[in-house]
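Visitor: Below you'll find the structure I mean.
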Amino acid sequence: MTMTPEHSRIDAELQIDDIRGTEEDRATVVVRCIRGPVRLGARFHRIRGTAVSIDLELAEILFYGRPVDELDPSHTALVTLHGAGTPLLVSGNKAHGWKVIQGANPSS
């Protein structure tokens, strides 16, 4: 995969807390924003600390059960991700480390 400027830019990071459900190209996940804000339409291309490539788009953010357009750092929400790589997402924990997906927000 060729690294385009969009792929090399990382301004969105979500820490995976709990996988609520996955299908082949869709995942519902509880996340914590650790770099952002992360906006709807953000594209995630890698799992931090691995060589694994993913291609996931942030399709929905539910903050306290209400849909929002972005998630600020240190906040937790239920999100829906669409695309390639959902089977690679795993819940993190303190003992085994937290999994973090990295990507870029849509251009303004």
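Naming works like this for the structure tokens: A, B, ... for the chains as they're shown, residue 1 at the start of each chain, ligands 1 onward in shown order.
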Env of His45 of chain A: 9 Å cut, atoms = only C-alpha atoms, seq-sep filter 2 positions within chain, self excluded. Answer as a list in words.
Guide: His7, Arg43, Ile47, Val52, Ser53, Ile54, Asp55, Leu56, Ile101, Gln102, Gly103 and Ala104 of chain A
Visitor: Show me, as a PyMOL selection string, the residues that have an atom within 12 Å of segment 79-94 of chain A when counting only C-alpha atoms, minus same-chain residues fewer than 6 positions from it.
Guide: chain A and resi 14-33+38-48+50-71+100-101
Visitor: For atom CA of Pro73 of chain A and atom CA of Ala12 of chain A, quote the distance in Å rounded to one decimal.
Guide: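 These two atoms are separated by 9.4 Å.
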Visitor: Where in chain A does DSSP assign helix (DSSP H, G or I), given as a ChimeraX atom specification?
Guide: /A:5-8,86-88
